[in-house]
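Novice: Following this message is one structure expressed as structure tokens.
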Amino acid sequence: MTFTILARCARTERVGVGIATYSLGVGGYCPFFVRDRAVLSTQAFANPALGHMAVEHLAAGVLPRQVLVQLAAADPGFSYRQVAIVTADGVVAMHTGENCRPWAGHRTGDGYAVFGNVLAGEATVVAMEESWKNTRGGELDERLLQALEAGRDAGGQAAATGEHLPERSAALVVRGADCTLDLDLRVDLHDDAVTELRRVHAGYVPYLDYYALRARDPANTPPQDVWARSLD
């Protein structure tokens with residue numbers, strides 16, 4: 001009961017994930033990264049062990065499609081999982097198992113994958129894909145967040161009865177070669193997690209330059225309260 005976008009920015013070669021679900025604390029157990037190489041998510045009857053295994057294989061230079069083959073061989077429950085990998089150079093590998101609860105599916109393209117399970121329907125991932133394409137040229141974090149919002153607005157998740165399932169946790173994570181520029185925002189328990197993630201993102205982004213400056217040039221970094229007043 002999760003909808004997700006993984007993508008890379010062709011301009012910066014950074015990779016990121018936007019993810020939302022009815023489950024709690026999703027940012028802590030579905031997304032995984034290989035620094036400066038790839039982002040992946042394992043979900044639908046989520047098994048975080050697959051994420052750790054995939055990271056090891058990718059770090060060793062195994063190609064994404066072959067990583068999925070190795071995960072399938074190691075996991076008797078692989079037909080219940082969704083796993084996607086997007087690399088910093090735009091390679092995509094995607095698996096939606098035949099035993100994922102409906103509606104489950106995915107759409108992929110150059111440098112992105114949108115996918116989900118226990119959704120209201122295919123419209124959720126279609127809207128996410130259209131949002132991603134229509135925001136071409138924008139900053140990666142904003143594009144990912146807009147895709148999440150588009151998926152929510154297109155129906156998001158639904159129980160077997162057809163009843164809408166609210167997004168109770170969400171995460172937005174972007175990483176690249178320079179860890180001082182990382183963005184890692186999570187909403188672990190909220191009645192409207194995607195909306196809350198937007199609020200957190202709006203509050204955090206003005207501090208990105210400050211946190212980078214603090215890491216790179218502490219001697220010339222003002223106190224944070226001084227920086228905060230300058231934003232006002």
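Note on naming: chains are A, B, ... as they come in the structure tokens, residues start from 1 per chain, ligands start from 1 in the order shown.
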With only C-alpha atoms as the counted atoms, please give the residues lying no more than 8 Å from Phe3 of chain A, apart from itself and same-chain residues fewer than 4 positions off, as a list in words.
Specialist: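 Neighbouring residues, sequence-local ones excluded: Ile19, Ala20, Thr21, Val114, Phe115, Gly116, Asn117, Leu119, Thr124, Val125, Leu148, Gly151, Gly156 and Gln157 of chain A.
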Novice: Find the residue from A:Thr2, A:Gly138, A:Val55, A:Thr195 that sits nearest to Pro102 of chain A; use only C-alpha atoms when measuring.
Specialist: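 When distances to Pro102 of chain A are compared using only C-alpha atoms, the smallest one comes from A:Thr2.
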Novice: Can I get the residues of segment 157-210 of chain A within 12 Å of segment 25-48 of chain A, each with the closest pair of atoms and their distance in Å to one decimal, using only C-alpha atoms, sorted chain first then ascending number, as CSV?
Specialist:
residue,atom,partner,partner_atom,distance
A:Glu167,CA,A:Val26,CA,10.4
A:Arg168,CA,A:Gly25,CA,8.4
A:Ser169,CA,A:Gly25,CA,5.7
A:Ala170,CA,A:Val26,CA,6.2
A:Ala171,CA,A:Gly27,CA,5.1
A:Leu172,CA,A:Gly27,CA,7.9
A:Val173,CA,A:Gly27,CA,8.4
A:Val174,CA,A:Val39,CA,9.0
A:Arg175,CA,A:Arg35,CA,7.2
A:Gly176,CA,A:Asp36,CA,5.0
A:Ala177,CA,A:Asp36,CA,4.8
A:Asp178,CA,A:Asp36,CA,8.4
A:Cys179,CA,A:Arg35,CA,8.6
A:Asp182,CA,A:Arg35,CA,10.5
A:Asp184,CA,A:Gly27,CA,8.9
A:Leu185,CA,A:Gly27,CA,8.3
A:Arg186,CA,A:Gly27,CA,6.0
A:Val187,CA,A:Gly25,CA,7.1
A:Asp188,CA,A:Gly25,CA,4.1
A:Leu189,CA,A:Gly25,CA,6.7
A:His190,CA,A:Gly25,CA,9.9
A:Ala193,CA,A:Gly25,CA,10.4
A:Leu197,CA,A:Gly27,CA,11.6
Novice: Enumerate, as a list of chain:residue names, the complete set of residues in segment 94-147 of chain A that a backbone-based DSSP assignment places in strand (DSSP E or B).
Specialist: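 Those in segment 94-147 of chain A that DSSP calls strand (DSSP E or B) are A:Met94, A:His95, A:Thr96, A:Gly105, A:His106, A:Arg107, A:Thr108, A:Gly109, A:Tyr112, A:Ala113, A:Val114, A:Phe115, A:Gly116, A:Asn117, A:Leu119.
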